[in-house]
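Just upload.cif here, mmCIF, C-alpha atoms:
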data_input
#
loop_
_atom_site.label_atom_id
_atom_site.label_comp_id
_atom_site.auth_asym_id
_atom_site.auth_seq_id
_atom_site.Cartn_x
_atom_site.Cartn_y
_atom_site.Cartn_z
CA MET W 494 199.57 83.09 7.79
CA THR W 495 203.17 83.92 8.74
CA TYR W 496 205.78 86.30 7.35
CA GLU W 497 207.58 83.26 5.96
CA ASP W 498 204.48 82.46 3.92
CA ILE W 499 204.53 85.99 2.50
CA ARG W 500 208.25 85.74 1.75
CA LYS W 501 207.73 82.52 -0.18
CA ALA W 502 204.84 84.03 -2.13
CA ASN W 503 206.97 87.06 -3.04
CA ALA W 504 209.80 84.83 -4.21
CA ASN W 505 207.66 83.61 -7.10
CA LEU W 506 206.60 87.04 -8.36
CA SER W 507 207.66 88.23 -11.80
CA THR W 508 208.76 91.85 -12.16
CA MET W 509 208.93 94.51 -14.84
CA ASP W 510 211.89 96.84 -15.25
CA ILE W 511 210.86 100.51 -15.35
CA LYS W 512 213.69 103.02 -15.51
CA GLY W 513 216.15 100.64 -13.90
CA LYS W 514 213.95 99.44 -11.04
CA ASP W 515 211.92 96.24 -10.77
CA TYR W 516 208.20 96.56 -10.08
CA VAL W 517 205.65 93.79 -9.61
CA LEU W 518 202.57 93.64 -11.84
CA VAL W 519 199.17 93.65 -10.18
CA ASN W 520 198.25 90.28 -11.65
CA GLU W 521 201.30 88.78 -9.94
CA ARG W 522 200.19 90.25 -6.61
CA ILE W 523 196.71 88.82 -7.12
CA LYS W 524 198.14 85.34 -7.77
CA ALA W 525 200.26 85.59 -4.63
CA PHE W 526 197.20 86.66 -2.63
CA ARG W 527 195.23 83.66 -3.93
CA MET W 528 198.08 81.37 -2.91
CA LEU W 529 197.88 82.70 0.63
CA TYR W 530 194.11 83.17 0.82
CA PRO W 531 192.32 80.96 -1.72
CA GLU W 532 188.96 82.00 -0.26
CA GLY W 533 189.92 85.60 0.40
CA PHE W 534 188.16 88.59 -1.12
CA ILE W 535 189.16 91.57 -3.24
CA THR W 536 186.52 94.27 -3.47
CA THR W 537 186.54 97.65 -5.19
CA GLU W 538 184.29 100.70 -5.11
CA ILE W 539 184.21 103.95 -7.00
CA VAL W 540 184.60 106.74 -4.47
CA SER W 541 183.94 109.41 -7.09
CA ASN W 542 183.91 109.84 -10.84
CA VAL W 543 183.42 113.50 -11.72
CA ASP W 544 184.58 115.45 -14.78
CA GLY W 545 186.70 112.60 -16.04
CA VAL W 546 188.52 112.06 -12.73
CA CYS W 547 187.96 108.69 -11.08
CA VAL W 548 188.87 107.80 -7.48
CA MET W 549 188.71 104.11 -6.58
CA ARG W 550 189.16 102.25 -3.29
CA ALA W 551 190.04 98.57 -2.96
CA ARG W 552 189.92 96.23 0.05
CA VAL W 553 191.52 92.82 0.44
CA GLY W 554 190.99 90.32 3.25
CA TYR W 555 189.35 87.08 4.24
CA TYR W 556 186.13 85.79 5.81
CA ALA W 557 186.11 84.62 9.41
CA ASN W 558 183.47 83.90 12.03
CA GLY W 559 180.66 85.07 9.80
CA GLY W 560 182.35 88.37 9.15
CA THR W 561 185.28 89.82 7.23
CA VAL W 562 188.83 90.68 8.18
CA VAL W 563 190.33 93.49 6.08
CA LEU W 564 194.07 93.02 5.60
CA GLY W 565 194.75 96.00 3.40
CA THR W 566 193.16 98.91 1.56
CA GLY W 567 194.33 100.94 -1.40
CA THR W 568 193.18 104.12 -3.10
CA ALA W 569 194.01 105.36 -6.58
CA TYR W 570 192.92 108.05 -8.98
CA GLU W 571 193.09 108.42 -12.75
CA ARG W 572 192.27 111.17 -15.23
CA GLU W 573 190.39 110.27 -18.39
CA ASP W 574 192.51 112.52 -20.58
CA SER W 575 195.93 111.78 -19.06
CA THR W 576 197.03 109.07 -21.52
CA TYR W 577 195.86 107.50 -24.76
CA ILE W 578 194.79 104.30 -22.96
CA ASN W 579 192.93 106.25 -20.29
CA LYS W 580 190.68 107.78 -22.94
CA THR W 581 188.77 104.49 -22.98
CA SER W 582 189.93 102.66 -19.83
CA TYR W 583 190.67 105.17 -17.09
CA ILE W 584 188.17 103.53 -14.68
CA GLU W 585 189.67 100.08 -15.26
CA ASN W 586 193.21 101.40 -14.80
CA CYS W 587 192.14 103.15 -11.63
CA GLU W 588 190.70 99.92 -10.25
CA THR W 589 193.87 98.00 -11.12
CA SER W 590 196.04 100.56 -9.33
CA ALA W 591 193.81 100.53 -6.24
CA VAL W 592 193.91 96.73 -6.05
CA GLY W 593 197.69 96.75 -6.48
CA ARG W 594 198.12 99.19 -3.60
CA ALA W 595 195.77 97.22 -1.35
CA LEU W 596 197.76 94.05 -1.97
CA GLY W 597 200.94 96.02 -1.40
CA MET W 598 199.70 96.83 2.10
CA LEU W 599 199.65 93.08 2.62
CA ALA W 600 203.41 93.13 1.80
CA LEU W 601 202.92 91.42 -1.55
CA GLY W 602 205.37 92.63 -4.18
CA VAL W 603 206.70 95.56 -2.16
CA ASP W 604 210.43 94.83 -2.09
CA THR W 605 210.97 97.85 -4.36
CA SER W 606 207.81 99.89 -3.91
CA VAL W 607 204.21 99.73 -2.79
CA ALA W 608 203.30 101.09 -6.21
CA SER W 609 202.68 98.42 -8.82
CA ALA W 610 204.32 98.27 -12.24
CA GLU W 611 201.10 99.50 -13.83
CA GLU W 612 200.87 102.45 -11.46
CA VAL W 613 204.48 103.48 -12.03
CA GLN W 614 204.12 103.15 -15.79
CA ASN W 615 201.03 105.34 -15.64
CA ASP W 616 202.99 107.96 -13.73
CA VAL W 617 205.72 107.84 -16.36
CA ASN W 618 203.15 108.23 -19.15
CA ASN W 619 201.54 111.17 -17.36
CA GLN W 620 204.77 113.11 -17.06
CA PRO W 621 204.86 116.14 -19.35
CA LYS W 622 206.76 115.47 -22.52
CA ALA W 623 209.73 117.63 -23.24
CA GLU W 624 208.92 120.14 -25.92
CA VAL W 625 210.58 119.22 -29.16
CA LYS W 626 211.56 122.33 -31.00
CA GLU W 627 211.53 122.05 -34.73
CA THR W 628 214.84 123.11 -36.22
CA ARG W 629 214.69 124.39 -39.74
CA GLN W 630 217.65 124.63 -42.04
CA PRO W 631 218.23 128.23 -43.10
CA GLU W 632 217.02 129.01 -46.61
CA LEU W 633 219.92 129.48 -49.01
CA ILE W 634 219.94 131.97 -51.85
CA THR W 635 219.06 131.05 -55.42
CA PRO W 636 221.42 131.25 -58.43
CA VAL W 637 219.64 134.46 -59.44
CA THR W 638 220.54 136.06 -56.11
CA VAL W 639 224.12 134.82 -56.44
CA GLN W 640 224.37 136.60 -59.78
CA GLU W 641 222.74 139.72 -58.34
CA ILE W 642 225.27 139.94 -55.49
CA THR W 643 228.13 139.32 -57.92
CA VAL W 644 227.02 142.25 -60.11
CA LEU W 645 226.52 144.53 -57.10
CA ALA W 646 229.96 143.66 -55.72
CA GLU W 647 231.54 144.46 -59.08
CA LYS W 648 229.77 147.83 -59.28
CA ALA W 649 230.74 148.59 -55.68
CA GLN W 650 234.35 147.59 -56.48
CA VAL W 651 234.28 145.10 -53.63
CA PRO W 652 236.15 141.81 -54.20
CA ILE W 653 234.02 138.68 -53.84
CA SER W 654 236.55 137.46 -51.28
CA GLU W 655 235.59 140.40 -49.05
CA VAL W 656 231.89 139.55 -49.46
CA LEU W 657 232.56 135.94 -48.44
CA LYS W 658 234.65 137.05 -45.49
CA ALA W 659 231.94 139.41 -44.26
CA ALA W 660 229.30 136.66 -44.55
CA LYS W 661 231.65 134.05 -42.99
CA ILE W 662 231.14 131.58 -45.83
CA SER W 663 233.41 129.95 -48.40
CA ARG W 664 231.15 130.46 -51.43
CA LEU W 665 228.18 132.61 -52.35
CA GLU W 666 225.90 129.58 -52.75
CA ASP W 667 226.15 129.00 -48.97
CA MET W 668 224.76 132.43 -48.12
CA THR W 669 221.38 132.49 -46.38
CA ALA W 670 218.51 134.59 -47.68
CA PRO W 671 218.50 137.02 -44.68
CA CYS W 672 222.25 137.50 -45.00
CA ALA W 673 221.90 138.12 -48.73
CA GLU W 674 219.37 140.90 -48.16
CA LYS W 675 221.73 142.64 -45.75
CA MET W 676 224.66 142.16 -48.11
CA LYS W 677 222.75 143.62 -51.07
CA ALA W 678 221.77 146.65 -49.00
CA THR W 679 225.38 147.17 -47.93
CA LEU W 680 226.68 146.89 -51.50
CA LYS W 681 224.04 149.30 -52.78
CA ARG W 682 225.08 151.84 -50.15
CA THR W 683 228.69 151.40 -51.19
CA ILE W 684 227.77 151.95 -54.84
CA THR W 685 225.88 155.13 -53.93
CA LYS W 686 228.78 156.36 -51.81
CA ARG W 687 231.33 155.76 -54.57
CA ALA W 688 229.09 157.46 -57.11
CA ARG W 689 228.76 160.48 -54.83
CA GLU W 690 232.52 160.61 -54.28
CA ALA W 691 233.16 160.36 -58.01
CA LYS W 692 230.71 163.17 -58.70
CA ASN W 693 232.22 165.39 -56.06
CA GLY W 694 235.70 164.71 -57.43
CA THR W 695 234.60 165.67 -60.95
CA ALA W 696 232.99 168.86 -59.67
CA GLY W 697 236.19 169.83 -57.87
CA GLN W 698 238.26 169.40 -61.01
CA THR W 699 235.81 171.54 -63.01
CA ALA W 700 235.98 174.32 -60.46
#
For the structure just supplied, provide its representation as structure tokens.
Amino acid sequence: MTYEDIRKANANLSTMDIKGKDYVLVNERIKAFRMLYPEGFITTEIVSNVDGVCVMRARVGYYANGGTVVLGTGTAYEREDSTYINKTSYIENCETSAVGRALGMLALGVDTSVASAEEVQNDVNNQPKAEVKETRQPELITPVTVQEITVLAEKAQVPISEVLKAAKISRLEDMTAPCAEKMKATLKRTITKRAREAKNGTAGQTA
């Protein structure tokens, strides 16, 4: 087999686009290998499978003179809990990745990367997802609270326009519940202050 044979085999390989780069599927690499070595072998073995972590090794080559010639080896590992698919097929996915890497060592489908499309997609799936923070709309006050603030503002002799300005809103109905609680407390303090001032003024006149 010559490099030209490998180049021709690679020319017929289909690719998959993953994040803007083309990667070759393992099945395409297997077909290319069978074109070059119809009687060649692809063997796999589980190196270890402990606590849901599988390590697999693959060898590819051909038979010659009563023995074998290994052209490439590949090793891969998968976690059982890393993706939804791996929950039931992590050993199979591990084997596929190992075979893909072994065939990559034979220069099949490696114009972009030794990693196969399946292996790269697995890596993408295993990346931690960005935390999505739930954004809640602030709770607005009820009509009852609107009326309550209106009454308090009148007693405190504070124009509604000043209440709106302080809350940075255009109408009372747009006020949030936390803001309303603070506003009611402020108005109540103002009412108490004015009542105290009025009482002191009356006492002064009596004296």
Hey, which of W:Leu518, W:Val563, W:Ala649, W:Ile662 ends up closest to Thr685 of chain W? Count only C-alpha atoms.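 Going through W:Leu518, W:Val563, W:Ala649, W:Ile662 one by one, the smallest distance to Thr685 of chain W is for W:Ala649.
In this comparison, which uses only C-alpha atoms, the residue of W:Gly602, W:Asn542, W:Ile684, W:Phe534 approaching Met509 of chain W most closely is W:Gly602.
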Pick from W:Leu564, W:Val603, W:Ala660, W:Ala595, whichever lies nearest to Leu506 of chain W using only C-alpha atoms: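 Closest to Leu506 of chain W of all the choices is W:Val603.
Residues surrounding segment 663-667 of chain W within 9 Å are W:Leu633, W:Ile634, W:Thr635, W:Pro636, W:Val639, W:Ile642, W:Thr643, W:Ile653, W:Ser654, W:Val656, W:Leu657, W:Lys658, W:Ala660, W:Lys661, W:Thr669 [all atoms listed in the file; sequence separation below 2 positions excluded].
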I need the output of the PyMOL selection byres ((chain W and resi 681) around 12) for this file as a PDB file with C-alpha atoms, in the frame of the given file; which residues are they?
ATOM      1  CA  GLU W 641     222.740 139.720 -58.340  1.00  0.00           C
ATOM      2  CA  ILE W 642     225.270 139.940 -55.490  1.00  0.00           C
ATOM      3  CA  THR W 643     228.130 139.320 -57.920  1.00  0.00           C
ATOM      4  CA  VAL W 644     227.020 142.250 -60.110  1.00  0.00           C
ATOM      5  CA  LEU W 645     226.520 144.530 -57.100  1.00  0.00           C
ATOM      6  CA  ALA W 646     229.960 143.660 -55.720  1.00  0.00           C
ATOM      7  CA  GLU W 647     231.540 144.460 -59.080  1.00  0.00           C
ATOM      8  CA  LYS W 648     229.770 147.830 -59.280  1.00  0.00           C
ATOM      9  CA  ALA W 649     230.740 148.590 -55.680  1.00  0.00           C
ATOM     10  CA  GLN W 650     234.350 147.590 -56.480  1.00  0.00           C
ATOM     11  CA  VAL W 651     234.280 145.100 -53.630  1.00  0.00           C
ATOM     12  CA  GLU W 674     219.370 140.900 -48.160  1.00  0.00           C
ATOM     13  CA  LYS W 675     221.730 142.640 -45.750  1.00  0.00           C
ATOM     14  CA  MET W 676     224.660 142.160 -48.110  1.00  0.00           C
ATOM     15  CA  LYS W 677     222.750 143.620 -51.070  1.00  0.00           C
ATOM     16  CA  ALA W 678     221.770 146.650 -49.000  1.00  0.00           C
ATOM     17  CA  THR W 679     225.380 147.170 -47.930  1.00  0.00           C
ATOM     18  CA  LEU W 680     226.680 146.890 -51.500  1.00  0.00           C
ATOM     19  CA  ARG W 682     225.080 151.840 -50.150  1.00  0.00           C
ATOM     20  CA  THR W 683     228.690 151.400 -51.190  1.00  0.00           C
ATOM     21  CA  ILE W 684     227.770 151.950 -54.840  1.00  0.00           C
ATOM     22  CA  THR W 685     225.880 155.130 -53.930  1.00  0.00           C
ATOM     23  CA  LYS W 686     228.780 156.360 -51.810  1.00  0.00           C
ATOM     24  CA  ARG W 687     231.330 155.760 -54.570  1.00  0.00           C
ATOM     25  CA  ALA W 688     229.090 157.460 -57.110  1.00  0.00           C
TER      26      ALA W 688
END
